[in-house]
Amino acid sequence: MGKKSSKARLPAGVLPPMKSGVEYVNAGLGDQMEIYGYKPTQWKAVVTWVCIILTAGLLRLVFHWKPEWMLYCTHSLCHLFVAEKVCLKDQYKQWFVEKIKVHRAEDISMLEFGSKSSDKVENGLQKPLEQQSVYSSMAFIRFFINKKLKYLWHPEQQKFERMRGLDSMVPCSFFYSCEGINESEQAKRRAIYGSNEISVEVQTVLKLLFLEVLNPFYVFQVYSIILWNFERYYLFANSIIVLSMVSITITVVIIRRTQKTLRDTVRLSGTVTVCRGNSVQEEIPSEELAPGDVIVIPKHGCVMHCDAVLVNGITIVNESMLTGESLPVTKTPIQNPMLTNDNVDTVYCPKEHARHTLFCGTRVVQTRNYSKEELKAVVLRTGFTTSKGELVRAILYPKPVDFRFHRDALRFVGILFVISLIGLVYTVIIMTHNKQSPRVIAVRALDLITITVPPVLPAAMTIGIIFAQRRLKKANIYCISPRTINLSGSINVVCFDKTGTLTEDGIDMHGVVATENNLFQEVEPDILQLPQSPLLWAMASCHSLAIIDEELTGDPIDIKMFLSTAWEFSEPGPKIEDHQIPTLVRSQVKTTSSTSSDLKQDPIEIGVLRQNVFGSSLQRMSVVTYNFHNELFEAYVKGSPEKIVSLSKPSTVPSDFEEILTQYAQQGYRVLAVAYKPLEQAKWENVNNITREEVECDLIFLGLLVLENRLKADTTSTIHLLREANIRVLMITGDNMLTALSVAKHCGMIMKNQKAIMVSADPTQLVPGTKAPMLNYEYVNFRDPDEHKSPDFDEAGSEKDSTTVQLQLDDEYGPYHFAIDGPTFDVVRDKYPDLLPRLVVRGTVFSRMSPDQKSMVVEILQKLGYFVGMCGDGANDCGALKAAHAGIALSETEASVASSFTSKEPSITCVPTLIREGRCALVTSFGIFKYIASYSLVQFVSVMILYWISATITDFEFLYIDLIEMTVLSITFGGTKAYPHLAKEPPPITLMGFIPVFSLLSQMAVQVAAQAFVFTYVQDQPWFQSYNSSWSEEHNYWSYQNSVIFTCSSFQYVLLAVVFAKGKPYRLSMFSNKPFLIAVLFVTVLSLYLAIYPTEPFIGMLDLRPPPDIMFRLLIVGIALINFFVSFMMEKFLVDYVFFRKLHSCEMLTCGKMGRDQYEQMEEELAEAEGWPPVMTPKEKKNANSNNANDNKLSKVVLQLSYKTDGTGLYTALKNGEHPAEECKDNTDTLNTFPGTKDIRMRNDKRSASANVLYD
């Protein structure tokens, strides 16, 4: 086996490093796993089974919990080629043992694609390899299944590879060559690919019972019950049996119900029509589909049973099941490379070609195919390899939640076990000295383990979570993962999507900015006043709208844009030369074109022939149209301004483009650009064969669409509330940088006294000697919305301006925020990985981010030590919602497959509500844990004291303590509601820190002192009679010592529950929790009755021997009152006030720097970093670009100076402001510096000058 991986923190966003000499599956991917081969070893198996028999099966039980251990003990490590079993270890250090199975090669059939030298290439097209080419020489094909996925042994590469459908290395031309497969070929493919079903096993009740009983918790219960029966604690043992049976039954019912619900939710079965070739079609069950099948999409729509590539026609698909987005999506056929002019094939990519792919589980609501051919698609993936299958696998095999509280709880239980072992040694010594029998010694010693390690702990820990889940449901927040409620209480950073989350879903047209003579005109707010021109025609036709159920549906922006034109929409359109026009748009107003005087005045009609749908990575969409007005084929393109400008002819782009765009973006408007292109070579015969690349190039820029996306009414107040609670807020959006910055400023993410620094990568300027683009840091100048002045950055150049740049990072100006876009984020991640944590720690706005990049930001924040919440509308945020500690989807459905929480109210007010309830649940879990641990330790101390005289607590005394006091108090403990306001200090998240450990130890010290006092004091009374140790053989523990210890401890169980039932600032007062208050009063009154004036039958039942002196009984009550006062003051004043509030930041309490998270250390480094970030003003940036080209040496540091000389022209370069390095006499110079120099300042006797440092 390989060595264990290092515990050092991995760089943010990086998978665990691959070890030398270790084999991997899915190498470099998110599900990367180490793989080791094993073959049986006979002598090892014999020895192991002998040990299992000798341990009465206990060793086999351990192997049930740790199957990899049994593999080590019965098998030997070997090469994967000869292995019979494999052991896999994922990046979360989870182990899996799988058996290798075999298929006969002649019974299966696969399509394999690759790029080997033997591949045939004709006319630039890559041909598929021959079927079974790699496996044809093998009699058997070896494979194993892990997490519902099959891994095949690749004989040439000598490793296991994940079996894929037709989504890997498949040329797009292949899909057009598919005509269907016959039944024999389909059966052979299904033998290797498996049945096309996403099946969730519903385990039998007997199996669930067996698995639940083998849970370590219940195994410990069995051990306890056996031991209690040896001690003749029959009543208590039987009570535990009943409670355990009830608990097991409830657990089995819940698990089985959950499995049934999931099975019914994901079950998808039906009949589909497949093509068998030669125009033969057949209806088959959907379970029989295999990759390569050609299916027919019904005209009335259907639910997809597999992932398939559309090869003809257009479909309107509802993908809400996958993305949470209720808006329909248009799917178009994949490009046929054989019909393009350049005849160049491309490889199918699931992400790039998502708009041509019909995903499993989605519903086709409408089809459009105006030719006589049926609408067809080629099956890509089946079963668990589909997109829906991946979602179900994520539910079945979730990413383990690494929560410090749970880890510490297990460690603390381990500490309790060690304490019990110490008590065991003490018991053996004391009882041997008291001459007890070996049987009594053994039973008493082993009984300590059941006392010290509380078997009720796991059940008690879930109580607070259950109450919190009910309260969240009342607030219309639904949770599908209750365990994450405690995690949500630890959230200290929340990421928000912008559109639909911070801003309204709806959008309004602010106006259109047209161009004329390469200059922008004044904004036109009334679209009806626009003349008939390509700009208006683009607004009427460049969209993906459709009519579903007699209602115009589509993207809200497209709907708002089209409706503002007052044009008519109809589908289908007329037929022209036997070509059906899918969509027709028609103007209502008869006007004369502004560009020509001889055009007809009839309504203008434009037929939309083809759509190139919007892609987040492309940042644009386009349509190919036929304009009946001028009888021309034209292409219209709409998208982000930056992307449209890059595709347009420079001569058509206004010179003031940047200024106008900045002006509107800074005011918070959403800006889109439109352009068009006459398709002069297009004809009806070839118009559908023009590639997207040919359509979207050399465009004529038309103008800007300015849309207004208002903040939601409660956005600003919620952001302010979170910031007041010291919860960091940031925005991750796919929108424009300046628009995102404006929204961040207006909603309060960036305050008035704070600066924003835009980080951008300049691909035209490379760091000397490298291929890394240069990073620029520039201040954003937030101007008042009424100011229509640009630029958006502070200008500098004078001495005063340069000094300002130096001072803007000082405390008097407040902290600064980084703003970074998606392309720059990729550059930093690839070229400057050490810089990425700095940018993320201070980053507030992440714009133009793809869905994958959103997930990366969340994961990086987590690796820096943050507890991350993600709030999005579910459209492009699914990955980030899954990755976050607590994902909150704003959706109308009750549950989302992508997030732990779903709010039925589309408002971010659910975020503070969730955090409040999470904090309440977390503090409740802390309190219950400390209470149960204290209860066990108090009982342990009581037993240890009584063991001194060979006595112990009686059976009914145990029942009273466990069933009446502890159970009633712990059940009602978690009913306290959350405090209505968010506190600035987050609750503790670790049980092993100084404060919780001190709290527990101090409380135990008080309880031990009280019990020790009453135990010794009662022996000094004149009426005291000693206990006869020989009575213990008959389980007779009737004594004064037993009575006073029982009476004293019964008060302690109550007072500990009250002390740990904390209220403000995370929970309401315990007085608001009426069931708990009633339970406290009931148990207190009952304990007072037993302490002061107990009567029959309680005296006989509990074997009490009350002290004869009534004043002594009142003294015990007085000691209990003093005990309560001391315990209460220690917890409320010393622990909560002094340590937690006043000394919380003390290094002694936080274990110094080692006890702090990485982001806290990074914040400290940034606060102490002088001269970083190296902010540039536009003038300095211009100078840097002009001077940088001359420097190509790695050992150089380029200093760009902006200053006014004092007459000498002499400045001295200091390394870190300490010692002179060289002298620089010119305004710009190149200096040799010490290796690794990153911060150089320019100084002289009279004034400072700003410097931008470029370093390798």
# chains A, B, ... in the order shown; residues from 1 in each chain; ligands from 1
$ residues_around --residues "A:Gln259" --least-positions-apart "2" --cutoff "12 Å" --atoms "only C-alpha atoms" --output "PyMOL selection string"
chain A and resi 199-205+208+252-257+261-267+392+395-396
$ residues_around --residues "A:Tyr935" --least-positions-apart "6" --cutoff "12 Å" --atoms "only C-alpha atoms" --output "PyMOL selection string"
chain A and resi 416+451-457+927-929+941-942+958+961-962+965-967+969-970+1000+1003-1004+1007-1008+1049-1057+1060
$ write_last_selection --atoms "N, CA, C and O atoms" --output "tab-separated table (two decimals), in the first residue's frame"
chain	number	residue	atom	x	y	z
A	416	LEU	N	-13.37	10.29	26.69
A	416	LEU	CA	-14.21	9.67	27.71
A	416	LEU	C	-13.90	8.18	27.86
A	416	LEU	O	-13.90	7.63	28.98
A	451	ILE	N	-21.02	3.64	31.59
A	451	ILE	CA	-21.38	4.88	32.29
A	451	ILE	C	-20.67	6.08	31.68
A	451	ILE	O	-21.26	7.13	31.43
A	452	THR	N	-19.37	5.92	31.39
A	452	THR	CA	-18.56	7.05	30.93
A	452	THR	C	-18.83	7.40	29.48
A	452	THR	O	-18.86	8.57	29.11
A	453	VAL	N	-19.00	6.39	28.62
A	453	VAL	CA	-19.30	6.63	27.21
A	453	VAL	C	-20.82	6.54	27.05
A	453	VAL	O	-21.38	5.45	26.99
A	454	PRO	N	-21.51	7.66	26.99
A	454	PRO	CA	-22.99	7.65	27.02
A	454	PRO	C	-23.58	7.08	25.74
A	454	PRO	O	-23.39	7.63	24.66
A	455	PRO	N	-24.32	5.99	25.81
A	455	PRO	CA	-24.92	5.42	24.60
A	455	PRO	C	-26.03	6.27	24.02
A	455	PRO	O	-26.40	6.12	22.87
A	456	VAL	N	-26.57	7.20	24.80
A	456	VAL	CA	-27.67	8.04	24.32
A	456	VAL	C	-27.18	9.26	23.54
A	456	VAL	O	-27.98	10.00	22.98
A	457	LEU	N	-25.86	9.47	23.47
A	457	LEU	CA	-25.32	10.70	22.89
A	457	LEU	C	-25.75	10.94	21.44
A	457	LEU	O	-26.21	12.04	21.11
A	927	GLY	N	-24.56	22.56	23.60
A	927	GLY	CA	-25.10	22.45	24.96
A	927	GLY	C	-25.48	21.04	25.32
A	927	GLY	O	-25.17	20.55	26.41
A	928	ILE	N	-26.15	20.34	24.37
A	928	ILE	CA	-26.55	18.96	24.65
A	928	ILE	C	-25.33	18.07	24.80
A	928	ILE	O	-25.28	17.20	25.69
A	929	PHE	N	-24.34	18.28	23.93
A	929	PHE	CA	-23.12	17.46	24.03
A	929	PHE	C	-22.46	17.66	25.39
A	929	PHE	O	-22.09	16.69	26.07
A	941	VAL	N	-18.27	9.85	38.40
A	941	VAL	CA	-17.69	10.26	39.69
A	941	VAL	C	-18.49	9.66	40.84
A	941	VAL	O	-17.92	9.17	41.83
A	942	SER	N	-19.82	9.68	40.71
A	942	SER	CA	-20.67	9.11	41.76
A	942	SER	C	-20.34	7.63	41.97
A	942	SER	O	-20.18	7.15	43.12
A	958	PHE	N	-30.51	4.37	38.89
A	958	PHE	CA	-30.09	4.54	37.49
A	958	PHE	C	-31.30	4.88	36.61
A	958	PHE	O	-31.22	5.76	35.74
A	961	ILE	N	-32.35	8.50	37.18
A	961	ILE	CA	-31.41	9.45	36.58
A	961	ILE	C	-31.51	9.44	35.07
A	961	ILE	O	-31.59	10.49	34.41
A	962	ASP	N	-31.51	8.25	34.46
A	962	ASP	CA	-31.42	8.14	33.00
A	962	ASP	C	-32.74	8.40	32.30
A	962	ASP	O	-32.78	9.07	31.26
A	965	GLU	N	-34.73	12.06	34.60
A	965	GLU	CA	-33.99	13.32	34.58
A	965	GLU	C	-33.34	13.58	33.22
A	965	GLU	O	-33.70	14.53	32.51
A	966	MET	N	-32.40	12.74	32.85
A	966	MET	CA	-31.62	13.02	31.65
A	966	MET	C	-32.46	12.99	30.37
A	966	MET	O	-32.36	13.89	29.53
A	967	THR	N	-33.31	12.00	30.20
A	967	THR	CA	-34.08	11.88	28.97
A	967	THR	C	-35.06	13.03	28.80
A	967	THR	O	-35.13	13.66	27.73
A	969	LEU	N	-35.02	16.03	30.18
A	969	LEU	CA	-34.33	17.31	30.01
A	969	LEU	C	-33.68	17.42	28.64
A	969	LEU	O	-33.72	18.48	28.00
A	970	SER	N	-33.05	16.35	28.16
A	970	SER	CA	-32.35	16.42	26.86
A	970	SER	C	-33.32	16.52	25.70
A	970	SER	O	-33.04	17.17	24.69
A	1000	LEU	N	-16.16	22.74	30.47
A	1000	LEU	CA	-16.49	21.40	30.93
A	1000	LEU	C	-15.68	21.01	32.18
A	1000	LEU	O	-16.23	20.48	33.15
A	1003	GLN	N	-16.81	22.99	35.31
A	1003	GLN	CA	-18.08	22.48	35.83
A	1003	GLN	C	-17.88	21.15	36.55
A	1003	GLN	O	-18.46	20.92	37.62
A	1004	MET	N	-17.05	20.30	35.97
A	1004	MET	CA	-16.81	19.01	36.61
A	1004	MET	C	-16.09	19.18	37.95
A	1004	MET	O	-16.35	18.44	38.91
A	1007	GLN	N	-18.74	20.02	40.48
A	1007	GLN	CA	-19.60	18.88	40.82
A	1007	GLN	C	-18.85	17.85	41.66
A	1007	GLN	O	-19.41	17.29	42.62
A	1008	VAL	N	-17.59	17.59	41.30
A	1008	VAL	CA	-16.79	16.63	42.07
A	1008	VAL	C	-16.60	17.14	43.50
A	1008	VAL	O	-16.71	16.36	44.48
A	1049	SER	N	-26.28	14.35	43.38
A	1049	SER	CA	-26.11	14.26	41.92
A	1049	SER	C	-27.42	14.52	41.19
A	1049	SER	O	-27.41	15.05	40.07
A	1050	SER	N	-28.57	14.15	41.79
A	1050	SER	CA	-29.84	14.38	41.11
A	1050	SER	C	-30.08	15.87	40.90
A	1050	SER	O	-30.67	16.29	39.89
A	1051	PHE	N	-29.63	16.72	41.84
A	1051	PHE	CA	-29.70	18.17	41.63
A	1051	PHE	C	-28.70	18.63	40.57
A	1051	PHE	O	-28.96	19.56	39.81
A	1052	GLN	N	-27.54	17.99	40.53
A	1052	GLN	CA	-26.50	18.39	39.58
A	1052	GLN	C	-26.94	18.16	38.14
A	1052	GLN	O	-26.62	18.95	37.24
A	1053	TYR	N	-27.67	17.08	37.87
A	1053	TYR	CA	-28.14	16.83	36.50
A	1053	TYR	C	-29.08	17.94	36.04
A	1053	TYR	O	-29.08	18.32	34.87
A	1054	VAL	N	-29.86	18.47	36.99
A	1054	VAL	CA	-30.79	19.55	36.64
A	1054	VAL	C	-30.02	20.85	36.43
A	1054	VAL	O	-30.22	21.56	35.43
A	1055	LEU	N	-29.14	21.19	37.36
A	1055	LEU	CA	-28.45	22.48	37.26
A	1055	LEU	C	-27.53	22.53	36.05
A	1055	LEU	O	-27.35	23.59	35.44
A	1056	LEU	N	-26.93	21.38	35.66
A	1056	LEU	CA	-26.08	21.36	34.46
A	1056	LEU	C	-26.90	21.62	33.20
A	1056	LEU	O	-26.44	22.31	32.28
A	1057	ALA	N	-28.12	21.09	33.16
A	1057	ALA	CA	-28.99	21.36	32.01
A	1057	ALA	C	-29.33	22.84	31.94
A	1057	ALA	O	-29.35	23.44	30.85
A	1060	PHE	N	-26.08	24.90	30.85
A	1060	PHE	CA	-25.69	24.76	29.44
A	1060	PHE	C	-26.80	25.16	28.48
A	1060	PHE	O	-26.58	25.19	27.27
$ residues_around --residues "stretch 484-498 of chain A" --least-positions-apart "6" --cutoff "9 Å" --atoms "only C-alpha atoms" --output "compact mmCIF listing (two decimals) with N, CA, C and O atoms, in the first residue's frame"
# COMPACT_ATOMS: atom_id res chain seq x y z
N VAL A 401 -19.06 15.72 4.56
CA VAL A 401 -19.01 17.04 5.18
C VAL A 401 -17.95 17.02 6.28
O VAL A 401 -18.07 16.28 7.25
N PHE A 403 -16.80 18.66 9.14
CA PHE A 403 -17.20 19.67 10.11
C PHE A 403 -16.43 19.45 11.40
O PHE A 403 -16.43 18.36 11.96
N PHE A 405 -16.89 20.34 14.40
CA PHE A 405 -17.66 19.96 15.58
C PHE A 405 -17.84 18.44 15.65
O PHE A 405 -17.69 17.83 16.71
N ILE A 465 -31.34 19.72 15.90
CA ILE A 465 -31.47 19.79 14.45
C ILE A 465 -32.91 19.57 14.02
O ILE A 465 -33.42 20.24 13.12
N ALA A 468 -34.88 22.69 14.69
CA ALA A 468 -34.50 23.74 13.73
C ALA A 468 -35.11 23.47 12.36
O ALA A 468 -35.57 24.40 11.68
N GLN A 469 -35.13 22.20 11.94
CA GLN A 469 -35.70 21.86 10.65
C GLN A 469 -37.19 22.19 10.60
O GLN A 469 -37.70 22.69 9.58
N LEU A 722 -26.15 41.26 7.27
CA LEU A 722 -25.07 40.28 7.28
C LEU A 722 -23.73 40.94 7.59
O LEU A 722 -22.92 40.40 8.35
N ASN A 726 -20.73 40.70 10.91
CA ASN A 726 -19.37 40.31 10.53
C ASN A 726 -19.35 39.08 9.64
O ASN A 726 -18.41 38.27 9.68
N ILE A 727 -20.39 38.92 8.84
CA ILE A 727 -20.44 37.85 7.84
C ILE A 727 -20.06 38.46 6.49
O ILE A 727 -20.72 39.39 6.02
N ARG A 728 -19.03 37.96 5.91
CA ARG A 728 -18.54 38.51 4.65
C ARG A 728 -19.52 38.18 3.52
O ARG A 728 -20.07 37.08 3.46
N VAL A 729 -19.75 39.13 2.64
CA VAL A 729 -20.64 38.94 1.50
C VAL A 729 -19.88 39.25 0.23
O VAL A 729 -19.08 40.19 0.17
N LEU A 730 -20.12 38.44 -0.78
CA LEU A 730 -19.49 38.69 -2.08
C LEU A 730 -20.43 38.23 -3.19
O LEU A 730 -21.39 37.50 -2.95
N MET A 731 -20.14 38.67 -4.39
CA MET A 731 -20.99 38.42 -5.54
C MET A 731 -20.23 37.60 -6.58
O MET A 731 -19.08 37.92 -6.91
N ILE A 732 -20.86 36.54 -7.06
CA ILE A 732 -20.29 35.74 -8.15
C ILE A 732 -21.33 35.72 -9.25
O ILE A 732 -22.38 35.09 -9.11
N THR A 733 -21.06 36.39 -10.34
CA THR A 733 -22.06 36.57 -11.38
C THR A 733 -21.45 36.37 -12.76
O THR A 733 -20.23 36.45 -12.95
N GLY A 734 -22.30 36.11 -13.72
CA GLY A 734 -21.86 36.01 -15.11
C GLY A 734 -22.00 37.32 -15.84
O GLY A 734 -21.72 37.41 -17.04
N ASP A 735 -22.41 38.38 -15.14
CA ASP A 735 -22.68 39.67 -15.78
C ASP A 735 -21.39 40.49 -15.93
O ASP A 735 -20.32 40.13 -15.43
N ALA A 740 -21.72 44.70 -12.29
CA ALA A 740 -21.63 43.99 -11.01
C ALA A 740 -21.07 44.90 -9.92
O ALA A 740 -21.55 44.89 -8.78
N VAL A 743 -23.81 47.28 -8.79
CA VAL A 743 -24.77 46.62 -7.91
C VAL A 743 -24.15 46.41 -6.53
O VAL A 743 -24.82 46.62 -5.50
N VAL A 858 -16.03 28.97 -4.64
CA VAL A 858 -16.56 28.41 -3.39
C VAL A 858 -15.57 27.43 -2.77
O VAL A 858 -15.30 27.46 -1.56
N LEU A 861 -12.55 29.23 -1.24
CA LEU A 861 -12.92 29.82 0.04
C LEU A 861 -12.94 28.77 1.14
O LEU A 861 -12.48 29.00 2.26
N TYR A 866 -12.87 29.17 5.30
CA TYR A 866 -14.20 29.77 5.43
C TYR A 866 -15.29 28.69 5.47
O TYR A 866 -15.14 27.62 4.89
N PHE A 867 -16.37 29.01 6.14
CA PHE A 867 -17.60 28.24 6.02
C PHE A 867 -18.50 29.01 5.07
O PHE A 867 -18.92 30.12 5.38
N VAL A 868 -18.78 28.41 3.93
CA VAL A 868 -19.34 29.15 2.80
C VAL A 868 -20.83 28.83 2.61
O VAL A 868 -21.22 27.66 2.56
N GLY A 869 -21.62 29.89 2.49
CA GLY A 869 -23.00 29.76 2.05
C GLY A 869 -23.11 30.30 0.64
O GLY A 869 -22.44 31.27 0.28
N MET A 870 -23.92 29.66 -0.19
CA MET A 870 -24.11 30.10 -1.56
C MET A 870 -25.60 30.27 -1.81
O MET A 870 -26.39 29.36 -1.51
N CYS A 871 -26.00 31.42 -2.31
CA CYS A 871 -27.40 31.71 -2.59
C CYS A 871 -27.54 32.06 -4.06
O CYS A 871 -26.91 33.01 -4.54
N GLY A 872 -28.35 31.29 -4.78
CA GLY A 872 -28.54 31.54 -6.20
C GLY A 872 -29.94 31.15 -6.63
O GLY A 872 -30.69 30.54 -5.88
N ASP A 873 -30.26 31.51 -7.87
CA ASP A 873 -31.59 31.21 -8.38
C ASP A 873 -31.66 29.84 -9.04
O ASP A 873 -32.69 29.47 -9.58
N ASN A 876 -27.57 28.93 -13.22
CA ASN A 876 -26.16 28.59 -13.50
C ASN A 876 -25.38 28.38 -12.22
O ASN A 876 -24.14 28.40 -12.24
N ASP A 877 -26.08 28.19 -11.11
CA ASP A 877 -25.41 28.12 -9.82
C ASP A 877 -25.40 26.73 -9.21
O ASP A 877 -25.02 26.57 -8.05
N HIS A 885 -20.91 24.81 1.78
CA HIS A 885 -21.32 24.13 3.01
C HIS A 885 -22.84 24.16 3.15
O HIS A 885 -23.44 23.21 3.64
N ALA A 886 -23.44 25.26 2.74
CA ALA A 886 -24.89 25.39 2.78
C ALA A 886 -25.34 26.12 1.52
O ALA A 886 -25.12 27.32 1.38
N SER A 900 -28.70 22.11 -0.49
CA SER A 900 -29.19 21.55 0.77
C SER A 900 -30.48 22.22 1.21
O SER A 900 -31.32 21.59 1.86
N PHE A 901 -30.64 23.50 0.86
CA PHE A 901 -31.81 24.25 1.29
C PHE A 901 -32.48 24.90 0.08
O PHE A 901 -31.82 25.31 -0.87
N ILE A 908 -33.54 36.96 -0.59
CA ILE A 908 -32.34 36.59 0.16
C ILE A 908 -32.52 36.78 1.65
O ILE A 908 -31.59 36.53 2.42
N VAL A 911 -31.46 33.96 3.91
CA VAL A 911 -30.08 33.70 4.33
C VAL A 911 -29.86 33.99 5.81
O VAL A 911 -29.40 33.12 6.55
N LEU A 914 -31.72 31.42 7.89
CA LEU A 914 -31.03 30.13 7.95
C LEU A 914 -29.84 30.18 8.90
O LEU A 914 -29.62 29.26 9.69
N ILE A 915 -29.06 31.26 8.83
CA ILE A 915 -27.89 31.38 9.70
C ILE A 915 -28.31 31.45 11.16
O ILE A 915 -27.69 30.84 12.03
N ARG A 916 -29.39 32.19 11.44
CA ARG A 916 -29.88 32.26 12.83
C ARG A 916 -30.29 30.89 13.34
O ARG A 916 -29.92 30.49 14.45
N GLU A 917 -31.06 30.16 12.52
CA GLU A 917 -31.49 28.84 12.94
C GLU A 917 -30.31 27.87 13.02
O GLU A 917 -30.28 27.00 13.91
N GLY A 918 -29.36 28.03 12.11
CA GLY A 918 -28.17 27.18 12.16
C GLY A 918 -27.35 27.43 13.41
O GLY A 918 -26.86 26.48 14.06
N ARG A 919 -27.19 28.71 13.77
CA ARG A 919 -26.46 29.03 14.99
C ARG A 919 -27.19 28.50 16.22
O ARG A 919 -26.56 27.99 17.14
N CYS A 920 -28.50 28.62 16.21
CA CYS A 920 -29.29 28.10 17.32
C CYS A 920 -29.10 26.59 17.44
O CYS A 920 -28.89 26.07 18.54
N ALA A 921 -29.17 25.88 16.30
CA ALA A 921 -29.00 24.43 16.32
C ALA A 921 -27.60 24.04 16.75
O ALA A 921 -27.40 23.06 17.48
N LEU A 922 -26.61 24.82 16.30
CA LEU A 922 -25.22 24.51 16.65
C LEU A 922 -24.98 24.71 18.15
O LEU A 922 -24.37 23.86 18.81
N VAL A 923 -25.47 25.83 18.69
CA VAL A 923 -25.30 26.07 20.12
C VAL A 923 -26.08 25.04 20.93
O VAL A 923 -25.62 24.58 21.98
N SER A 925 -26.60 21.94 19.94
CA SER A 925 -25.80 20.71 19.87
C SER A 925 -24.63 20.78 20.84
O SER A 925 -24.30 19.79 21.50
N PRO A 986 -19.49 34.91 15.97
CA PRO A 986 -20.05 33.60 15.61
C PRO A 986 -19.93 32.64 16.78
O PRO A 986 -19.07 32.80 17.65
N PRO A 987 -20.78 31.64 16.85
CA PRO A 987 -20.67 30.67 17.94
C PRO A 987 -19.43 29.80 17.77
O PRO A 987 -18.89 29.69 16.66
N PRO A 988 -18.94 29.19 18.83
CA PRO A 988 -17.78 28.30 18.71
C PRO A 988 -18.13 27.10 17.84
O PRO A 988 -19.28 26.63 17.83
N ILE A 989 -17.14 26.60 17.12
CA ILE A 989 -17.38 25.46 16.23
C ILE A 989 -16.51 24.27 16.59
O ILE A 989 -16.56 23.25 15.92
$ residues_around --residues "A:Pro534" --least-positions-apart "5" --cutoff "9 Å" --atoms "only C-alpha atoms" --output "NGL selection string"
:A and (539 or 636 or 675-676 or 702)
$ select_by_dssp --residues "stretch 737-790 of chain A" --states "helix (DSSP H, G or I)" --output "list in words"
Met737, Leu738, Thr739, Ala740, Leu741, Ser742, Val743, Ala744, Lys745, His746 and Cys747 of chain A
$ residues_around --residues "A:Cys1048" --least-positions-apart "3" --cutoff "9 Å" --atoms "only C-alpha atoms" --output "list in words"
Ala1010, Gln1011, Val1014, Ser1043, Val1044, Ile1045, Phe1051, Gln1052, Ala1091, Ile1116, Val1117, Ile1119 and Ala1120 of chain A
$ select_by_dssp --residues "stretch 807-1010 of chain A" --states "strand (DSSP E or B)" --output "list in words"
Tyr816, His817, Phe818, Ala819, Ile820, Asp821, Gly843, Thr844, Val845, Phe846, Ser847, Val868, Gly869, Met870, Cys871, Gly872, Ala886, Gly887, Ile888, Ala889, Leu890, Phe901, Thr902, Ser903 and Ala978 of chain A
$ residues_around --residues "stretch 307-312 of chain A" --least-positions-apart "3" --cutoff "7 Å" --atoms "only C-alpha atoms" --output "number ranges by chain"
A: 176, 332-334, 356-360, 375-382, 386
$ write_last_selection --atoms "C-alpha atoms" --output "compact mmCIF listing (two decimals), in the first residue's frame"
# COMPACT_ATOMS: atom_id res chain seq x y z
CA TYR A 176 -24.81 12.02 -38.86
CA THR A 332 -30.81 22.95 -32.13
CA PRO A 333 -29.15 20.23 -34.24
CA ILE A 334 -25.44 19.74 -33.87
CA HIS A 356 -27.48 20.44 -29.05
CA THR A 357 -27.93 17.77 -26.38
CA LEU A 358 -31.18 16.47 -24.90
CA PHE A 359 -30.49 15.44 -21.31
CA CYS A 360 -32.06 12.56 -19.45
CA LEU A 375 -36.99 14.56 -35.57
CA LYS A 376 -34.17 12.23 -34.50
CA ALA A 377 -31.40 12.07 -31.93
CA VAL A 378 -28.47 9.73 -31.32
CA VAL A 379 -28.16 8.16 -27.86
CA LEU A 380 -25.02 9.39 -26.10
CA ARG A 381 -25.18 7.98 -22.60
CA THR A 382 -27.46 5.71 -20.66
CA THR A 386 -26.29 10.41 -18.00
